[in-house]
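Next up, upload21.tsv (TSV, C-alpha atoms):
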```tsv
chain	number	residue	atom	x	y	z
A	1	MET	CA	33.05	38.77	-21.15
A	2	SER	CA	30.53	38.23	-23.96
A	3	LEU	CA	30.74	35.46	-26.53
A	4	THR	CA	31.28	38.07	-29.32
A	5	THR	CA	34.25	39.55	-27.45
A	6	LEU	CA	35.73	36.10	-26.84
A	7	LEU	CA	35.55	35.27	-30.55
A	8	ALA	CA	37.17	38.55	-31.48
A	9	VAL	CA	40.01	37.89	-29.05
A	10	ALA	CA	40.46	34.38	-30.40
A	11	LEU	CA	40.71	35.55	-34.00
A	12	SER	CA	43.44	38.01	-33.04
A	13	LEU	CA	45.54	35.35	-31.29
A	14	PRO	CA	48.07	32.99	-32.83
A	15	LEU	CA	46.71	29.51	-33.48
A	16	ALA	CA	48.39	27.96	-30.44
A	17	ALA	CA	47.03	30.61	-28.12
A	18	SER	CA	43.54	30.41	-29.58
A	19	SER	CA	43.44	26.72	-28.66
A	20	VAL	CA	42.52	27.76	-25.12
A	21	LEU	CA	39.25	29.25	-26.35
A	22	PRO	CA	37.07	26.15	-25.72
A	23	SER	CA	37.82	26.32	-22.02
A	24	LEU	CA	36.55	29.92	-21.94
A	25	LEU	CA	33.34	29.38	-23.89
A	26	PRO	CA	30.10	28.48	-22.11
A	27	ARG	CA	29.73	24.69	-22.06
A	28	GLN	CA	26.76	23.06	-23.71
A	29	THR	CA	25.25	20.54	-21.31
A	30	SER	CA	22.75	17.84	-22.07
A	31	SER	CA	20.93	16.13	-19.26
A	32	SER	CA	19.67	12.61	-19.84
A	33	PRO	CA	16.93	11.13	-17.68
A	34	ILE	CA	17.88	9.08	-14.66
A	35	THR	CA	16.72	5.49	-14.39
A	36	ILE	CA	14.55	4.11	-11.61
A	37	HIS	CA	15.44	0.41	-11.33
A	38	LEU	CA	12.89	-1.91	-9.72
A	39	CYS	CA	13.91	-5.14	-7.98
A	40	GLY	CA	11.13	-7.29	-6.61
A	41	ASP	CA	8.76	-10.21	-7.03
A	42	SER	CA	5.54	-10.83	-8.99
A	43	THR	CA	3.61	-8.15	-7.11
A	44	MET	CA	5.91	-5.63	-8.83
A	45	ALA	CA	6.89	-7.50	-11.99
A	46	PRO	CA	5.69	-7.22	-15.58
A	47	GLY	CA	2.78	-9.60	-15.95
A	48	GLY	CA	2.37	-9.96	-12.20
A	49	GLY	CA	1.40	-13.51	-11.30
A	50	HIS	CA	0.13	-14.07	-14.89
A	51	ASN	CA	-3.48	-14.96	-15.76
A	52	GLY	CA	-4.42	-11.32	-16.28
A	53	THR	CA	-2.76	-9.91	-13.18
A	54	GLU	CA	-0.17	-7.14	-13.26
A	55	GLY	CA	2.68	-5.90	-11.10
A	56	TRP	CA	2.51	-2.37	-9.70
A	57	GLY	CA	5.91	-1.51	-11.16
A	58	GLN	CA	4.34	-1.38	-14.60
A	59	TYR	CA	2.41	1.77	-13.64
A	60	LEU	CA	5.14	3.71	-11.88
A	61	GLN	CA	6.29	5.43	-15.08
A	62	TYR	CA	3.02	7.39	-15.25
A	63	SER	CA	4.15	9.43	-12.23
A	64	PHE	CA	7.41	10.53	-13.86
A	65	SER	CA	8.04	12.45	-17.05
A	66	PRO	CA	10.12	10.26	-19.41
A	67	SER	CA	12.38	13.25	-19.95
A	68	VAL	CA	13.21	13.18	-16.23
A	69	ALA	CA	13.15	9.52	-15.21
A	70	ILE	CA	12.75	6.18	-16.96
A	71	VAL	CA	11.47	3.16	-15.03
A	72	ASN	CA	13.31	-0.11	-15.66
A	73	ASN	CA	11.24	-2.89	-14.14
A	74	SER	CA	13.59	-5.80	-13.39
A	75	ALA	CA	11.26	-7.46	-10.88
A	76	PHE	CA	10.67	-11.14	-11.57
A	77	ALA	CA	7.85	-13.44	-10.50
A	78	GLY	CA	8.51	-16.01	-7.79
A	79	ARG	CA	11.66	-14.40	-6.47
A	80	SER	CA	12.80	-13.57	-2.97
A	81	ALA	CA	15.71	-11.46	-1.80
A	82	ARG	CA	17.65	-14.72	-1.51
A	83	SER	CA	16.92	-16.08	-4.98
A	84	PHE	CA	17.33	-12.64	-6.59
A	85	THR	CA	20.81	-12.64	-5.07
A	86	ARG	CA	21.69	-16.23	-5.97
A	87	GLU	CA	20.56	-15.80	-9.57
A	88	ALA	CA	22.73	-12.66	-9.88
A	89	ARG	CA	19.71	-10.49	-10.67
A	90	PHE	CA	20.90	-7.74	-8.34
A	91	ALA	CA	24.29	-7.92	-10.04
A	92	ASN	CA	22.70	-7.70	-13.47
A	93	VAL	CA	20.76	-4.58	-12.47
A	94	ALA	CA	23.93	-3.07	-10.99
A	95	SER	CA	25.73	-3.53	-14.30
A	96	SER	CA	23.40	-0.96	-15.89
A	97	VAL	CA	23.17	1.45	-12.95
A	98	LYS	CA	24.73	4.85	-13.50
A	99	GLU	CA	25.46	7.64	-11.06
A	100	GLY	CA	22.31	9.50	-10.08
A	101	ASP	CA	19.98	6.54	-10.61
A	102	TRP	CA	17.56	5.20	-8.02
A	103	VAL	CA	16.92	1.56	-7.11
A	104	VAL	CA	13.74	0.38	-5.39
A	105	ILE	CA	14.01	-2.98	-3.60
A	106	GLU	CA	10.82	-4.67	-2.42
A	107	PHE	CA	10.49	-8.33	-1.48
A	108	GLY	CA	8.84	-10.33	1.30
A	109	HIS	CA	6.08	-12.39	-0.29
A	110	ASN	CA	8.39	-15.31	-1.08
A	111	ASP	CA	10.96	-14.90	1.69
A	112	GLY	CA	9.21	-16.73	4.49
A	113	GLY	CA	9.76	-20.32	3.40
A	114	ALA	CA	11.67	-22.81	5.55
A	115	VAL	CA	15.35	-23.44	4.83
A	116	TYR	CA	15.33	-26.72	6.78
A	117	PRO	CA	15.05	-29.54	6.06
A	118	ALA	CA	16.97	-29.19	2.84
A	119	SER	CA	14.55	-31.53	1.12
A	120	GLY	CA	11.83	-28.93	1.67
A	121	ASP	CA	13.91	-25.89	0.71
A	122	ASN	CA	12.38	-24.18	-2.31
A	123	GLY	CA	15.40	-21.91	-2.75
A	124	ARG	CA	13.51	-18.79	-1.69
A	125	GLY	CA	13.21	-18.78	2.10
A	126	ASP	CA	15.72	-16.66	4.01
A	127	CYS	CA	17.52	-17.60	7.18
A	128	PRO	CA	15.39	-16.52	10.16
A	129	GLY	CA	16.64	-13.51	12.09
A	130	ALA	CA	17.36	-9.81	11.84
A	131	GLY	CA	21.14	-9.93	12.07
A	132	ASN	CA	24.01	-11.87	10.53
A	133	GLU	CA	22.63	-15.34	11.23
A	134	THR	CA	23.36	-17.94	8.54
A	135	CYS	CA	21.73	-21.23	7.57
A	136	PRO	CA	23.94	-23.67	5.64
A	137	THR	CA	21.85	-25.79	3.30
A	138	VAL	CA	21.99	-27.70	0.05
A	139	TYR	CA	19.82	-26.41	-2.77
A	140	ALA	CA	19.86	-27.70	-6.35
A	141	ASN	CA	22.73	-30.01	-5.41
A	142	ALA	CA	24.89	-27.09	-4.33
A	143	THR	CA	25.88	-25.94	-0.86
A	144	GLU	CA	24.40	-22.55	-0.05
A	145	ILE	CA	24.95	-20.34	2.99
A	146	VAL	CA	21.57	-18.71	3.36
A	147	GLN	CA	21.54	-15.19	4.84
A	148	THR	CA	18.84	-13.23	6.63
A	149	TYR	CA	16.47	-10.89	4.82
A	150	PRO	CA	18.17	-7.73	6.16
A	151	THR	CA	21.56	-9.08	5.11
A	152	TYR	CA	20.41	-9.60	1.53
A	153	LEU	CA	18.85	-6.13	1.41
A	154	LYS	CA	21.93	-4.44	2.82
A	155	ALA	CA	24.31	-6.26	0.47
A	156	ALA	CA	22.23	-5.29	-2.57
A	157	ALA	CA	21.88	-1.69	-1.39
A	158	GLN	CA	25.61	-1.36	-0.81
A	159	LEU	CA	26.27	-2.68	-4.31
A	160	PHE	CA	24.00	-0.03	-5.85
A	161	ILE	CA	25.40	2.74	-3.66
A	162	SER	CA	28.89	1.82	-4.84
A	163	LYS	CA	27.66	2.52	-8.38
A	164	GLY	CA	26.50	6.01	-7.43
A	165	ALA	CA	22.81	5.22	-7.03
A	166	LYS	CA	20.46	5.93	-4.16
A	167	VAL	CA	18.29	3.18	-2.76
A	168	ILE	CA	14.74	2.86	-1.47
A	169	LEU	CA	13.94	-0.16	0.69
A	170	SER	CA	10.20	-0.64	0.34
A	171	THR	CA	7.89	-2.88	2.36
A	172	PRO	CA	5.87	-5.66	0.73
A	173	THR	CA	2.37	-5.00	-0.54
A	174	PRO	CA	-0.58	-6.49	1.40
A	175	SER	CA	-2.25	-9.73	0.62
A	176	ASN	CA	-5.99	-9.15	0.26
A	177	PRO	CA	-6.87	-7.47	3.58
A	178	TRP	CA	-10.59	-8.11	3.04
A	179	GLU	CA	-10.23	-11.86	2.51
A	180	SER	CA	-11.73	-12.77	5.91
A	181	GLY	CA	-14.83	-10.65	5.26
A	182	ASN	CA	-13.63	-7.74	7.39
A	183	PHE	CA	-10.64	-5.50	6.84
A	184	SER	CA	-7.56	-6.83	8.63
A	185	TRP	CA	-3.95	-5.86	8.05
A	186	SER	CA	-0.81	-5.23	10.04
A	187	PRO	CA	2.86	-4.91	9.00
A	188	ASP	CA	4.73	-8.21	8.86
A	189	ARG	CA	8.31	-8.91	9.92
A	190	PHE	CA	9.63	-8.07	6.47
A	191	ALA	CA	8.32	-4.54	6.86
A	192	TYR	CA	10.33	-4.26	10.07
A	193	TYR	CA	13.41	-5.81	8.44
A	194	SER	CA	13.21	-3.30	5.60
A	195	SER	CA	13.13	-0.37	8.01
A	196	LEU	CA	15.91	-1.91	10.09
A	197	ALA	CA	18.16	-2.39	7.06
A	198	ALA	CA	17.66	1.22	5.96
A	199	THR	CA	18.59	2.44	9.43
A	200	GLU	CA	21.64	0.19	9.74
A	201	LEU	CA	22.90	1.36	6.35
A	202	GLY	CA	22.85	4.97	7.57
A	203	GLY	CA	19.50	6.17	6.28
A	204	PRO	CA	19.08	9.29	4.12
A	205	SER	CA	22.54	10.63	4.92
A	206	ALA	CA	23.95	7.50	3.28
A	207	GLY	CA	21.54	7.61	0.32
A	208	VAL	CA	19.18	4.94	1.69
A	209	TYR	CA	15.47	5.58	2.22
A	210	HIS	CA	12.54	3.59	3.51
A	211	VAL	CA	8.98	3.66	2.16
A	212	PRO	CA	6.24	1.80	4.09
A	213	HIS	CA	4.57	0.80	0.86
A	214	GLY	CA	2.56	-1.96	2.50
A	215	GLU	CA	0.97	0.51	4.90
A	216	TYR	CA	0.10	2.98	2.13
A	217	SER	CA	-1.35	0.20	-0.03
A	218	ALA	CA	-3.39	-1.15	2.89
A	219	GLN	CA	-4.72	2.35	3.54
A	220	ALA	CA	-5.90	2.61	-0.08
A	221	GLU	CA	-7.43	-0.88	-0.05
A	222	HIS	CA	-9.30	-0.03	3.13
A	223	LEU	CA	-10.73	3.08	1.50
A	224	LEU	CA	-11.66	1.24	-1.69
A	225	GLY	CA	-13.74	-1.27	0.25
A	226	LYS	CA	-14.28	-5.01	0.13
A	227	THR	CA	-16.16	-5.29	-3.16
A	228	ILE	CA	-13.61	-3.45	-5.29
A	229	VAL	CA	-10.62	-5.04	-3.60
A	230	ASP	CA	-12.00	-8.60	-3.78
A	231	THR	CA	-12.80	-8.09	-7.46
A	232	ASN	CA	-9.22	-7.05	-8.13
A	233	PHE	CA	-7.65	-9.98	-6.28
A	234	ARG	CA	-9.30	-12.25	-8.80
A	235	ILE	CA	-6.96	-15.26	-8.97
A	236	ASP	CA	-5.64	-15.35	-5.38
A	237	HIS	CA	-4.97	-13.14	-2.37
A	238	THR	CA	-1.54	-11.94	-3.52
A	239	HIS	CA	-1.68	-10.84	-7.16
A	240	THR	CA	-3.62	-7.78	-8.29
A	241	ASP	CA	-5.59	-7.11	-11.42
A	242	PRO	CA	-4.40	-4.08	-13.42
A	243	TYR	CA	-6.73	-1.56	-11.76
A	244	LEU	CA	-5.53	-2.37	-8.26
A	245	ALA	CA	-1.91	-2.66	-9.41
A	246	ASP	CA	-2.22	0.94	-10.60
A	247	VAL	CA	-3.62	2.00	-7.22
A	248	VAL	CA	-0.77	0.20	-5.45
A	249	ALA	CA	1.72	2.08	-7.66
A	250	GLN	CA	0.06	5.36	-6.76
A	251	SER	CA	0.25	4.45	-3.08
A	252	PHE	CA	4.01	4.00	-3.44
A	253	VAL	CA	4.22	7.43	-5.06
A	254	LEU	CA	2.26	8.94	-2.18
A	255	GLY	CA	4.79	7.36	0.17
A	256	LEU	CA	7.56	9.04	-1.80
A	257	LYS	CA	5.89	12.43	-1.74
A	258	CYS	CA	5.17	12.23	1.98
A	259	GLY	CA	8.79	11.37	2.74
A	260	THR	CA	12.16	13.02	2.28
A	261	SER	CA	13.79	11.25	-0.65
A	262	GLY	CA	14.85	13.33	-3.61
A	263	LEU	CA	13.00	10.92	-5.87
A	264	GLY	CA	9.73	12.24	-4.50
A	265	GLY	CA	10.66	15.65	-5.85
A	266	LEU	CA	10.72	14.25	-9.38
A	267	VAL	CA	7.10	13.08	-9.26
A	268	MET	CA	4.91	15.06	-11.65
A	269	ASN	CA	2.01	15.56	-9.24
A	270	ALA	CA	2.13	17.52	-5.99
A	271	THR	CA	1.28	15.66	-2.79
A	272	ALA	CA	-2.03	17.49	-2.50
A	273	ARG	CA	-3.10	16.14	-5.89
A	274	ILE	CA	-2.24	12.55	-4.92
A	275	GLU	CA	-3.92	12.49	-1.51
A	276	GLY	CA	-7.64	11.90	-1.57
A	277	ALA	CA	-10.56	9.53	-1.27
A	278	VAL	CA	-8.75	6.61	-2.92
A	279	LEU	CA	-5.19	6.80	-1.58
A	280	GLY	CA	-5.75	8.57	1.72
A	281	THR	CA	-3.27	10.99	3.25
A	282	CYS	CA	0.31	11.02	4.46
A	283	ILE	CA	0.82	8.51	7.24
A	284	LEU	CA	1.96	10.28	10.40
A	285	ALA	CA	5.28	8.52	10.93
A	286	ASN	CA	6.12	8.82	7.26
A	287	ALA	CA	5.27	12.51	7.21
A	288	THR	CA	7.36	13.39	10.24
A	289	LEU	CA	10.34	11.04	10.08
A	290	PRO	CA	13.00	10.77	7.36
A	291	ILE	CA	12.53	7.85	5.04
```

Before we go any further, please render this structure as structure tokens.
Amino acid sequence: MSLTTLLAVALSLPLAASSVLPSLLPRQTSSSPITIHLCGDSTMAPGGGHNGTEGWGQYLQYSFSPSVAIVNNSAFAGRSARSFTREARFANVASSVKEGDWVVIEFGHNDGGAVYPASGDNGRGDCPGAGNETCPTVYANATEIVQTYPTYLKAAAQLFISKGAKVILSTPTPSNPWESGNFSWSPDRFAYYSSLAATELGGPSAGVYHVPHGEYSAQAEHLLGKTIVDTNFRIDHTHTDPYLADVVAQSFVLGLKCGTSGLGGLVMNATARIEGAVLGTCILANATLPI
């Protein structure tokens, strides 16, 4: 039935009967952009590690049209999965998450500190292990039951899923792989823990994906070569200058495009336009296995 016919019918009906008209008319829908929330440390955060460095999260927006997705970078320098949890930063992000959003969680650089003895606990190190091990300690004059890295990731992911979001557990970016003079890099335990947590949460069927960001970033830094990479790790071996932060962001996007998450489908560029001499190509496991 056409809109003209519907209006004619409505005008011929008594007022009470014509009140049903809105349910018959085509509905006007307005779609607002989703939000991509970023949770991480200084390698992702605005301002990076300061002193002219920058976090890769600041460049992620360039891969998404603002009419489709808005990036909210909530990463904060010096944080680990443990301290992000204790300081209620995950909870604060969750308070603004809406159904259909995505949350990217990437830690690891600050998670390896020792919990014991308590006098040496900096409040960031996680309890060693891949399961539900706990490490009771006292930090800042308060008793704290420290969890493992996978436990913190899974708890945060479950919180975001309960809000209707989907989650990407991403592996930490490399420290300067050329620092020794020759290229050297391999995934650390936090990369494994990230993959493990995604699997234990149920993977893509549960709305949880894994991106081996560290591996994609290392691939790009290998291709760029020692001179460029050393120049862009100017203040230390962890924090990148803006140029390299941008490359690291693009490497994350390549990981999205090579995988199976729906977020990759929102990227403006096709995979073939992202692959190349700087970023490299899809990594075999990432191209053939769900992430």

Record the distance separating atom CA of A:Cys282 and atom CA of A:Ile34, expressed in Å with one decimal. 26.0 Å

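Minimum atom-to-atom distance to A:Leu159, evaluated using all atoms listed in the file, belongs to A:Val93 out of A:Val71, A:Leu263, A:Cys258, A:Val93.
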
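Across the structure, atom CA of A:Tyr216 and atom CA of A:Ser80 are spaced 21.5 Å apart.
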
Best match for closeness to A:Lys257 among A:Ser63, A:Gln58, A:Ser31, A:Ser205, counting only C-alpha atoms: A:Ser63

Taking (21.9, 3.2, -17.3) in the file's coordinates, which residues come within 12 Å, counting only C-alpha atoms, written as a ChimeraX atom specification? /A:32-37,69-72,92-103,163-165

Nearest to A:Thr134, chosen from A:Gly47, A:Gly120, A:Pro150, A:Gly78, with all atoms listed in the file counted in the distances: A:Pro150

Interatomic distance (Å, one decimal) between atom CA of A:Gly265 and atom CA of A:Gln219: 22.4 Å

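Among the candidate residues A:His222, A:Asp188, A:Ala130, A:Gly181, the one lying nearest to A:Glu200 is A:Ala130, with distances computed using all atoms listed in the file.
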
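If only C-alpha atoms are the atoms counted, then among A:Thr281, A:Glu144, A:Ser65, A:Gly48 the closest residue to A:Leu266 is A:Ser65.
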
Counting only C-alpha atoms, the residue of A:Ala277, A:Leu256, A:Leu38, A:Val115 that sits nearest A:Phe90: A:Leu38

Which residues come within 12 Å of A:Asn141, counting only C-alpha atoms, excluding same-chain residues fewer than 6 positions away, as a ChimeraX atom specification? /A:118-119,121,123

Edge lengths and centre in Å to one decimal, as AutoDock Vina command-line options, is what I'm after for the box along x, y and z that holds all listed atoms of stretch 107-114 of chain A once 6 Å is added on each side.
```
--center_x 8.9 --center_y -15.6 --center_z 2.0 --size_x 17.6 --size_y 26.5 --size_z 19.0
```
